[in-house]
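J.: Structure file run27.txt (compact mmCIF, C-alpha atoms) right here:
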```txt
# COMPACT_ATOMS: atom_id res chain seq x y z
CA MET P 1 5.23 -18.19 13.74
CA GLN P 2 9.01 -17.76 14.06
CA ASN P 3 11.24 -15.04 15.47
CA ASN P 4 14.02 -14.54 12.94
CA PRO P 5 14.54 -10.77 12.44
CA LYS P 6 17.37 -11.21 9.92
CA ALA P 7 15.24 -13.40 7.63
CA GLY P 8 12.31 -11.03 8.14
CA ILE P 9 14.39 -8.02 7.09
CA LEU P 10 15.62 -9.79 3.94
CA LEU P 11 12.06 -10.79 3.07
CA MET P 12 10.81 -7.23 3.63
CA ILE P 13 13.54 -5.87 1.34
CA ALA P 14 12.49 -8.37 -1.33
CA THR P 15 8.83 -7.42 -0.76
CA THR P 16 9.46 -3.71 -1.25
CA PHE P 17 11.48 -4.37 -4.41
CA VAL P 18 8.70 -6.51 -5.92
CA PHE P 19 6.06 -3.90 -5.04
CA ALA P 20 8.24 -1.16 -6.58
CA VAL P 21 8.47 -3.18 -9.81
CA GLN P 22 4.70 -3.60 -9.68
CA ASP P 23 4.31 0.18 -9.40
CA GLY P 24 6.61 0.74 -12.38
CA ILE P 25 4.58 -1.67 -14.53
CA SER P 26 1.33 -0.06 -13.33
CA ARG P 27 2.64 3.35 -14.37
CA HIS P 28 3.56 2.04 -17.83
CA LEU P 29 0.21 0.32 -18.46
CA ALA P 30 -1.93 3.10 -16.98
CA GLY P 31 -0.16 5.54 -19.27
CA GLU P 32 -1.50 3.57 -22.25
CA TYR P 33 -4.86 2.22 -21.00
CA ASN P 34 -7.67 3.13 -18.63
CA VAL P 35 -6.64 2.94 -14.97
CA LEU P 36 -9.87 1.17 -13.97
CA MET P 37 -9.29 -1.61 -16.50
CA ILE P 38 -5.71 -2.16 -15.35
CA VAL P 39 -6.71 -2.38 -11.69
CA MET P 40 -9.71 -4.61 -12.53
CA ILE P 41 -7.59 -7.22 -14.33
CA ARG P 42 -5.00 -7.08 -11.57
CA TYR P 43 -7.73 -7.73 -8.99
CA TRP P 44 -9.06 -10.77 -10.85
CA PHE P 45 -5.71 -12.48 -10.43
CA PHE P 46 -5.31 -11.14 -6.90
CA ALA P 47 -8.73 -12.49 -5.89
CA ALA P 48 -7.83 -15.96 -7.12
CA PHE P 49 -4.58 -15.79 -5.15
CA VAL P 50 -6.35 -14.54 -2.03
CA ILE P 51 -9.03 -17.25 -2.18
CA THR P 52 -6.33 -19.92 -2.53
CA ILE P 53 -4.23 -18.65 0.38
CA ALA P 54 -7.15 -17.89 2.71
CA THR P 55 -8.82 -21.23 2.00
CA ARG P 56 -5.58 -23.11 2.64
CA GLN P 57 -5.15 -21.34 5.98
CA SER P 58 -8.79 -21.69 7.05
CA GLY P 59 -9.61 -25.10 5.58
CA SER P 60 -12.48 -24.04 3.28
CA ILE P 61 -13.94 -21.03 1.49
CA ARG P 62 -16.83 -20.97 3.96
CA ALA P 63 -14.42 -20.84 6.89
CA ALA P 64 -12.30 -18.15 5.22
CA ALA P 65 -15.36 -15.98 4.53
CA ALA P 66 -16.89 -16.41 7.99
CA THR P 67 -17.05 -13.00 9.70
CA ARG P 68 -19.17 -11.25 12.30
CA GLN P 69 -18.48 -7.85 10.75
CA PRO P 70 -19.22 -8.15 7.00
CA PHE P 71 -19.88 -4.44 6.43
CA LEU P 72 -16.52 -3.53 7.94
CA GLN P 73 -14.75 -6.13 5.80
CA ILE P 74 -16.53 -4.92 2.66
CA ALA P 75 -15.59 -1.31 3.48
CA ARG P 76 -11.94 -2.33 3.92
CA GLY P 77 -11.79 -4.17 0.61
CA ALA P 78 -13.56 -1.42 -1.30
CA LEU P 79 -11.35 1.28 0.22
CA LEU P 80 -8.13 -0.52 -0.74
CA SER P 81 -9.23 -1.09 -4.35
CA LEU P 82 -10.18 2.58 -4.75
CA GLU P 83 -6.90 3.64 -3.12
CA ILE P 84 -4.97 1.62 -5.70
CA CYS P 85 -6.88 3.39 -8.50
CA VAL P 86 -6.04 6.79 -7.00
CA MET P 87 -2.36 5.90 -6.52
CA VAL P 88 -1.93 4.53 -10.04
CA ALA P 89 -3.52 7.72 -11.40
CA GLY P 90 -0.93 9.61 -9.36
CA PHE P 91 1.87 7.59 -10.99
CA VAL P 92 0.66 8.70 -14.41
CA LEU P 93 0.17 12.37 -13.53
CA LEU P 94 3.14 12.91 -11.18
CA GLY P 95 5.47 9.96 -11.73
CA LEU P 96 6.79 7.36 -9.31
CA VAL P 97 9.27 9.61 -7.51
CA GLU P 98 6.94 12.37 -6.37
CA SER P 99 3.96 10.06 -5.79
CA HIS P 100 5.95 7.79 -3.47
CA ALA P 101 7.62 10.73 -1.74
CA VAL P 102 4.20 12.03 -0.67
CA PHE P 103 2.69 8.58 -0.06
CA ALA P 104 5.47 7.82 2.42
CA CYS P 105 3.56 9.88 5.00
CA TYR P 106 0.90 7.17 5.46
CA PRO P 107 2.44 5.75 8.69
CA LEU P 108 2.18 9.26 10.15
CA LEU P 109 -1.48 9.40 9.16
CA ILE P 110 -2.07 6.02 10.80
CA ALA P 111 -0.46 7.32 13.99
CA ALA P 112 -2.51 10.53 13.88
CA LEU P 113 -5.81 8.73 13.25
CA SER P 114 -5.23 5.82 15.64
CA GLY P 115 -6.48 7.97 18.53
CA PRO P 116 -9.89 9.04 17.18
CA VAL P 117 -10.51 5.81 15.21
CA LEU P 118 -9.16 3.13 17.58
CA GLY P 119 -8.96 5.00 20.87
CA GLU P 120 -5.19 4.46 21.11
CA ASN P 121 -3.02 6.86 23.07
CA VAL P 122 -0.72 9.06 20.98
CA GLY P 123 1.87 10.88 23.11
CA TRP P 124 3.32 14.31 22.50
CA ARG P 125 6.54 12.94 20.98
CA ARG P 126 4.65 11.10 18.27
CA TRP P 127 2.44 14.14 17.67
CA ALA P 128 5.64 16.18 17.22
CA ALA P 129 6.97 13.62 14.74
CA ILE P 130 3.65 13.70 12.86
CA GLY P 131 3.86 17.49 12.65
CA ILE P 132 7.46 17.36 11.40
CA GLY P 133 6.47 14.73 8.85
CA PHE P 134 3.80 16.94 7.40
CA VAL P 135 6.32 19.77 7.16
CA GLY P 136 8.22 17.34 4.93
CA VAL P 137 5.09 16.86 2.79
CA LEU P 138 4.79 20.64 2.42
CA VAL P 139 8.44 20.81 1.37
CA ILE P 140 7.68 18.27 -1.36
CA LEU P 141 4.51 20.01 -2.55
CA GLN P 142 5.88 23.59 -2.26
CA PRO P 143 2.43 25.21 -1.93
CA GLY P 144 3.93 28.63 -1.20
CA PHE P 145 6.25 28.87 -4.19
CA ALA P 146 3.88 28.17 -7.07
CA VAL P 147 0.24 27.63 -7.83
CA PHE P 148 -0.67 24.38 -6.09
CA ALA P 149 -1.17 21.70 -8.73
CA PRO P 150 -4.33 19.67 -8.03
CA ALA P 151 -2.49 16.53 -9.17
CA ALA P 152 -0.14 16.89 -6.20
CA ALA P 153 -3.03 16.11 -3.86
CA ILE P 154 -3.63 12.70 -5.48
CA PRO P 155 -0.89 10.71 -3.68
CA LEU P 156 -1.79 12.52 -0.45
CA LEU P 157 -5.39 11.32 -0.87
CA ALA P 158 -4.08 7.82 -1.58
CA ALA P 159 -1.97 7.96 1.60
CA PHE P 160 -5.03 8.99 3.64
CA MET P 161 -7.11 6.19 2.13
CA PHE P 162 -4.38 3.61 2.78
CA ALA P 163 -3.96 4.83 6.36
CA LEU P 164 -7.70 4.49 6.94
CA TYR P 165 -7.58 1.01 5.38
CA GLY P 166 -4.76 0.09 7.77
CA LEU P 167 -6.74 1.30 10.77
CA LEU P 168 -9.87 -0.57 9.68
CA THR P 169 -7.73 -3.68 9.21
CA ARG P 170 -6.38 -3.32 12.73
CA TYR P 171 -9.93 -2.85 14.02
CA ALA P 172 -11.18 -5.90 12.08
CA ALA P 173 -8.37 -8.01 13.56
CA ARG P 174 -10.02 -7.73 16.98
CA ARG P 175 -12.73 -10.17 15.86
CA ASP P 176 -11.56 -11.78 12.58
CA SER P 177 -8.50 -13.81 11.61
CA THR P 178 -5.87 -12.60 9.16
CA ALA P 179 -7.06 -15.20 6.62
CA THR P 180 -10.62 -13.88 6.82
CA SER P 181 -9.55 -10.26 6.35
CA PHE P 182 -7.28 -11.28 3.47
CA PHE P 183 -10.16 -13.15 1.81
CA TRP P 184 -12.51 -10.16 2.00
CA THR P 185 -9.77 -7.79 0.80
CA GLY P 186 -9.33 -9.64 -2.48
CA THR P 187 -12.89 -10.69 -3.21
CA THR P 188 -14.53 -7.35 -2.38
CA GLY P 189 -11.98 -5.48 -4.46
CA ALA P 190 -12.45 -7.83 -7.41
CA VAL P 191 -16.24 -7.45 -7.35
CA LEU P 192 -16.13 -3.65 -7.02
CA MET P 193 -13.50 -3.18 -9.72
CA THR P 194 -15.44 -5.46 -12.09
CA VAL P 195 -18.58 -3.40 -11.56
CA ILE P 196 -16.89 -0.05 -12.18
CA GLY P 197 -14.15 -1.17 -14.55
CA ALA P 198 -15.98 -3.40 -17.02
CA PHE P 199 -17.24 -0.38 -18.95
CA SER P 200 -13.67 0.87 -19.38
CA TRP P 201 -12.41 -2.11 -21.34
CA GLU P 202 -9.93 -1.31 -24.12
CA PRO P 203 -8.15 -3.64 -26.55
CA MET P 204 -4.59 -4.35 -25.43
CA ILE P 205 -1.65 -5.31 -27.66
CA TRP P 206 0.07 -8.64 -26.98
CA ALA P 207 3.25 -7.03 -25.64
CA ASP P 208 1.23 -5.19 -23.01
CA TRP P 209 -0.64 -8.39 -22.11
CA ALA P 210 2.79 -9.75 -21.18
CA TRP P 211 3.31 -6.70 -18.95
CA MET P 212 -0.17 -7.23 -17.53
CA ALA P 213 0.65 -10.85 -16.67
CA THR P 214 3.87 -9.69 -15.01
CA LEU P 215 1.89 -7.11 -13.03
CA CYS P 216 -0.48 -9.80 -11.76
CA VAL P 217 2.39 -12.09 -10.79
CA THR P 218 4.33 -9.35 -8.99
CA GLY P 219 1.16 -8.30 -7.15
CA ALA P 220 0.49 -11.80 -5.87
CA GLY P 221 4.20 -12.44 -5.28
CA GLY P 222 4.60 -9.26 -3.27
CA HIS P 223 1.69 -10.15 -1.01
CA TRP P 224 3.03 -13.70 -0.58
CA LEU P 225 6.43 -12.31 0.43
CA LEU P 226 4.73 -9.93 2.86
CA ILE P 227 2.83 -12.81 4.47
CA LYS P 228 6.09 -14.79 4.82
CA THR P 229 7.79 -11.71 6.29
CA TYR P 230 5.29 -11.44 9.12
CA GLU P 231 5.45 -15.20 9.68
CA VAL P 232 9.17 -15.14 10.46
CA ALA P 233 9.57 -11.80 12.27
CA GLU P 234 7.63 -9.27 14.33
CA ALA P 235 6.13 -6.36 12.42
CA SER P 236 7.96 -3.79 14.56
CA ALA P 237 11.32 -5.30 13.58
CA VAL P 238 10.76 -5.19 9.82
CA GLN P 239 8.40 -2.24 9.31
CA PRO P 240 11.15 0.41 9.04
CA PHE P 241 12.49 -1.40 5.97
CA ALA P 242 9.15 -0.89 4.21
CA TYR P 243 10.42 2.61 3.37
CA LEU P 244 12.81 0.99 0.88
CA GLN P 245 9.88 0.86 -1.52
CA LEU P 246 10.31 4.64 -1.85
CA VAL P 247 13.99 4.10 -2.75
CA PHE P 248 13.34 1.29 -5.23
CA ALA P 249 10.37 3.02 -6.89
CA SER P 250 12.32 6.27 -7.18
CA ALA P 251 15.23 4.41 -8.79
CA ILE P 252 12.86 2.85 -11.33
CA GLY P 253 11.31 6.25 -11.99
CA ILE P 254 14.67 7.96 -12.51
CA PHE P 255 16.69 5.33 -14.36
CA ILE P 256 13.94 3.60 -16.38
CA MET P 257 11.07 6.10 -16.68
CA GLY P 258 13.31 9.14 -17.16
CA GLU P 259 11.94 11.08 -14.19
CA THR P 260 13.97 13.63 -12.23
CA LEU P 261 14.50 14.03 -8.50
CA ARG P 262 14.02 17.65 -7.52
CA PRO P 263 15.96 18.84 -4.42
CA ASN P 264 12.80 19.75 -2.50
CA VAL P 265 11.36 16.27 -3.13
CA ALA P 266 14.54 14.60 -1.84
CA LEU P 267 14.63 16.85 1.26
CA GLY P 268 10.92 16.49 1.97
CA ALA P 269 11.03 12.70 1.55
CA ALA P 270 13.97 12.49 3.96
CA ILE P 271 12.01 14.49 6.56
CA VAL P 272 8.90 12.32 6.10
CA VAL P 273 10.86 9.06 6.37
CA ALA P 274 12.80 10.25 9.44
CA ALA P 275 9.57 11.28 11.16
CA GLY P 276 7.95 7.97 10.22
CA LEU P 277 10.87 5.95 11.58
CA PHE P 278 10.73 7.88 14.85
CA THR P 279 6.99 7.22 15.09
CA LEU P 280 7.55 3.50 14.52
CA TRP P 281 10.31 3.51 17.16
CA ARG P 282 8.07 5.26 19.72
CA THR P 283 5.25 2.80 18.99
CA ARG P 284 7.62 -0.10 19.62
CA GLN P 285 8.89 1.53 22.83
CA LYS P 286 5.34 1.98 24.13
CA SER P 287 4.48 -1.66 23.42
CA THR P 288 7.49 -3.09 25.28
```
Could you rewrite the structure in this file as structure tokens?
T.:
Amino acid sequence: MQNNPKAGILLMIATTFVFAVQDGISRHLAGEYNVLMIVMIRYWFFAAFVITIATRQSGSIRAAAATRQPFLQIARGALLSLEICVMVAGFVLLGLVESHAVFACYPLLIAALSGPVLGENVGWRRWAAIGIGFVGVLVILQPGFAVFAPAAAIPLLAAFMFALYGLLTRYAARRDSTATSFFWTGTTGAVLMTVIGAFSWEPMIWADWAWMATLCVTGAGGHWLLIKTYEVAEASAVQPFAYLQLVFASAIGIFIMGETLRPNVALGAAIVVAAGLFTLWRTRQKST
């Protein structure tokens, strides 16, 4: 472990860019093929990457898989794989811009759920920020100005699932190493997606296989960059820059996918991000 915030920030910026590219490719492929098949193939590659990294850190597959809480680890891995399916479906139905604008509220959900799930203390200032953040979500969704589109709830569901995954990961860290949790994340997801995705197989043209290979590489590369980020800097120092994924993904959506940025989405996203940054700042203040 090092303590180099400048290097950590640069790595986090690179991480968010790679993940945004991954989301753009996912949107393209899922628009042509079944979402379950796309996520399944992606998880095959991810599982191989996870097994390699976790085994290298732990010394052997047996050591990497050793856990005293297997049901919790399986639940974590399954939840993340299903969350990815939900989010990719959101990309297809709503686009990258609006999906990421809503999904950006997940740190607020983590803060809100950390009390009942982990028994952590959430003060009134953070509760106020959480409330303001959800006002931002309502600004994005505009439930009072038109009939609420069911598709708009998809990225919100994905944000809830990812927040719960984050909390379960934090809970698992009390008894298991990062390498062990990483191992179970990839392997559980690969098994589950193979079971539910194998029946959704569709023939893919060669050009899209090239995109699929790029998706797998960006997925593994993004996670590798994220690991390196947390190796060189504290999470509290780099976490605010994770919001750049919203910026990068929106840019890809607008300039490459031909999406538009509606004023309410821009305003709501700004409110959500501001509330999330305040929540992260208060969390850091409480821990120092």
J.: Can you work out which one of P:Ile25, P:Leu215, P:Ile53, P:Ala20 has the shortest atom-to-atom distance to Ser181 in chain P, counting all atoms listed in the file?
T.: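 Selected residue with least distance to Ser181 in chain P: P:Ile53.
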J.: Just checking: using all atoms listed in the file, which residue out of P:Ala151, P:Ile74, P:Met40, P:Ala54 ends up closest to Met87 in chain P?
T.: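 Using all atoms listed in the file, the shortest distance to Met87 in chain P belongs to P:Ala151.
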J.: Counting only C-alpha atoms, what is within 6 Å of Thr229 in chain P, bar same-chain residues fewer than 2 positions away, as a ChimeraX atom specification?
T.: /P:8,11,226-227,231-232
J.: Hey, can you spit out that residue selection with C-alpha atoms as an mmCIF file, in the coordinates of the input?
T.:
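Once everything was written out, this is part31.cif:
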```
data_model
loop_
_atom_site.group_PDB
_atom_site.id
_atom_site.type_symbol
_atom_site.label_atom_id
_atom_site.label_comp_id
_atom_site.auth_asym_id
_atom_site.auth_seq_id
_atom_site.Cartn_x
_atom_site.Cartn_y
_atom_site.Cartn_z
ATOM 1 C CA GLY P 8 12.310 -11.030 8.140
ATOM 2 C CA LEU P 11 12.060 -10.790 3.070
ATOM 3 C CA LEU P 226 4.730 -9.930 2.860
ATOM 4 C CA ILE P 227 2.830 -12.810 4.470
ATOM 5 C CA GLU P 231 5.450 -15.200 9.680
ATOM 6 C CA VAL P 232 9.170 -15.140 10.460
#
```
J.: Which is closer to Asn4 in chain P than all the others in P:Glu234, P:Phe49, P:Ala251, P:Asp23, using all atoms listed in the file?
T.: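 Selected residue with least distance to Asn4 in chain P: P:Glu234.
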J.: Would you compute an axis-aligned box for range 129-140 of chain P, covering every atom listed for it in the file with 6 Å of margin on each side, and report centre and edge lengths in Å to one decimal as JSON?
T.:
```
{"center_x": 6.0, "center_y": 17.2, "center_z": 6.7, "size_x": 16.8, "size_y": 19.2, "size_z": 28.1}
```
J.: Might you pull out every residue within 9 Å of Ile41 in chain P, with all atoms listed in the file counted and same-chain residues fewer than 2 positions away left off, and present them as a PDB file with C-alpha atoms, keeping the file's coordinate frame?
T.:
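In the end it all went to out05.pdb:
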```
ATOM      1  CA  LEU P  36      -9.870   1.170 -13.970  1.00  0.00           C
ATOM      2  CA  MET P  37      -9.290  -1.610 -16.500  1.00  0.00           C
ATOM      3  CA  ILE P  38      -5.710  -2.160 -15.350  1.00  0.00           C
ATOM      4  CA  VAL P  39      -6.710  -2.380 -11.690  1.00  0.00           C
ATOM      5  CA  TYR P  43      -7.730  -7.730  -8.990  1.00  0.00           C
ATOM      6  CA  TRP P  44      -9.060 -10.770 -10.850  1.00  0.00           C
ATOM      7  CA  PHE P  45      -5.710 -12.480 -10.430  1.00  0.00           C
ATOM      8  CA  PHE P  46      -5.310 -11.140  -6.900  1.00  0.00           C
ATOM      9  CA  ALA P 190     -12.450  -7.830  -7.410  1.00  0.00           C
ATOM     10  CA  MET P 193     -13.500  -3.180  -9.720  1.00  0.00           C
ATOM     11  CA  THR P 194     -15.440  -5.460 -12.090  1.00  0.00           C
ATOM     12  CA  GLY P 197     -14.150  -1.170 -14.550  1.00  0.00           C
ATOM     13  CA  MET P 212      -0.170  -7.230 -17.530  1.00  0.00           C
ATOM     14  CA  CYS P 216      -0.480  -9.800 -11.760  1.00  0.00           C
TER      15      CYS P 216
END
```
J.: So how many Å separate CA of Ala163 in chain P and CA of Leu267 in chain P, to one decimal?
T.: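 The value is 22.7 Å.
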J.: Given the choices P:Leu192, P:Met204, P:Ala112, P:Leu79, which gets closest to Leu29 in chain P if the distance is worked out from all atoms listed in the file?
T.: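 Between P:Leu192, P:Met204, P:Ala112, P:Leu79, the residue approaching Leu29 in chain P most closely is P:Met204.
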J.: To one decimal place, how far is CA of Ala101 in chain P from CA of Arg125 in chain P in Å?
T.: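 About the pair CA of Ala101 in chain P and CA of Arg125 in chain P: they are 22.9 Å apart.
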J.: For Val86 in chain P, which of P:Ala104, P:Ala66, P:Val265, P:Ala153 is the closest residue, counting only C-alpha atoms?
T.: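 Ranking P:Ala104, P:Ala66, P:Val265, P:Ala153 by distance to Val86 in chain P, first place goes to P:Ala153.
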J.: Name all residues at most 10 Å from Gly131 in chain P (count all atoms listed in the file; drop same-chain ones fewer than 5 positions away) and give them as a list of chain:residue names.
T.: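 Near neighbours after the sequence-gap exclusion: P:Leu108, P:Ala112, P:Arg125, P:Arg126, P:Gly136, P:Val137, P:Val272, P:Ala275.
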